[in-house]
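Quick notes on the structure that follows.
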Amino acid sequence: MVSSLLVGLREGLEASLIVAILIAYLVKRDLRSYIPRVWAGTFAAILISIAAASILYATSNELPELQAEIFAGVTSIVAAGLITWLTFWMATHARAMRQELHSKMDAALTGSSYALAGVAFFAVIREGLETAIFMFPNSKVAGSALQSFIGLAIGLVISV
């Protein structure tokens with residue numbers, strides 16, 4: 001449960017930070033009327049992330065035991081690789097993240113204001129899909145999927 005809480009906390013903080021940067025930028029530019037579009041993109045990303053996690057679990061549950069174990073093992077290796085890559089990526093890109101998001105927001109505002117939903121969607125969906133990939137092997141190892149999801153929910157609530 002603790003490992004799930006940490007996954008929820010880490011991924012939730014990243015997603016919250018991204019949404020906060022987008023909304024703060026709109027407030028700073030006095031474009032508050034566009035904030036609901038950021039929320040629309042954010043909630044769409046959350047829904048698709050939940051659907052992806054559901055598909056991952058449903059697929060796993062339909063496999064015979066040996067294939068399910070192989071599937072869980074491969075997913076664990078992918079999750080470990082993703083964590084390693086993200087750690088190195090964040091070390092080199094963390095400082096430029098805000099500026100990158102601001103430039104994407106500017107481009108979205110000059111095109112279509114609905115593109116703001118897209119900026120939020122793609123920024124948050126990455127975190128949501130990472131969460132699904134990290135949680136899958138985590139819940140299989142924990143033994144109780146319910147405890148894993150409770151830990152995840154607590155971590156997400158704390159991060160928000």
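Chains: A, B, ... in order of the structure tokens. Residues: from 1 per chain. Ligands: from 1, in order shown.
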Compile a residue-level contact table for region 29-120 of chain A against region 142-156 of chain A at a cut-off of 12 Å, reporting for every qualifying residue the shortest atom pair and its distance in Å to one decimal, with only C-alpha atoms counted, rows ordered by chain and ascending number, as a tab-separated table.
```
residue	atom	partner	partner_atom	distance
A:Ile46	CA	A:Leu156	CA	11.9
A:Ile50	CA	A:Phe149	CA	11.8
A:Ala53	CA	A:Phe149	CA	11.4
A:Tyr57	CA	A:Ala145	CA	10.2
```
Selection from above, C-alpha atoms, as an mmCIF file, in the first residue's frame, can you write it?
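Below is the file that was written, out.cif:
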```cif
data_model
loop_
_atom_site.group_PDB
_atom_site.id
_atom_site.type_symbol
_atom_site.label_atom_id
_atom_site.label_comp_id
_atom_site.auth_asym_id
_atom_site.auth_seq_id
_atom_site.Cartn_x
_atom_site.Cartn_y
_atom_site.Cartn_z
ATOM 1 C CA ILE A 46 -7.942 11.294 -16.347
ATOM 2 C CA ILE A 50 -8.597 5.097 -16.019
ATOM 3 C CA ALA A 53 -5.642 0.950 -16.591
ATOM 4 C CA TYR A 57 -6.129 -5.218 -15.786
#
```
Nearby residues (only C-alpha atoms) at most 12 Å from region 17-25 of chain A, same-chain spacing under 2 positions excluded, as a ChimeraX atom specification
/A:9-15,27-43,45,94,97-106,108-109,116-127,159-160
For region 136-138 of chain A, find every residue with an atom within 7 Å (counting only C-alpha atoms), except residues of its own chain fewer than 5 positions away, and show them as a list in words.
Ser4, Ala72, Thr75 and Ser76 of chain A
State, in Å with one decimal place, the distance from CA of Ala51 (chain A) to CA of Gly128 (chain A).
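We find that CA of Ala51 (chain A) and CA of Gly128 (chain A) lie 10.2 Å from each other.
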Which of A:Ser3, A:Thr87, A:Ser60, A:Ser112 sits closest to Val74 (chain A) [using only C-alpha atoms]:
A:Ser60
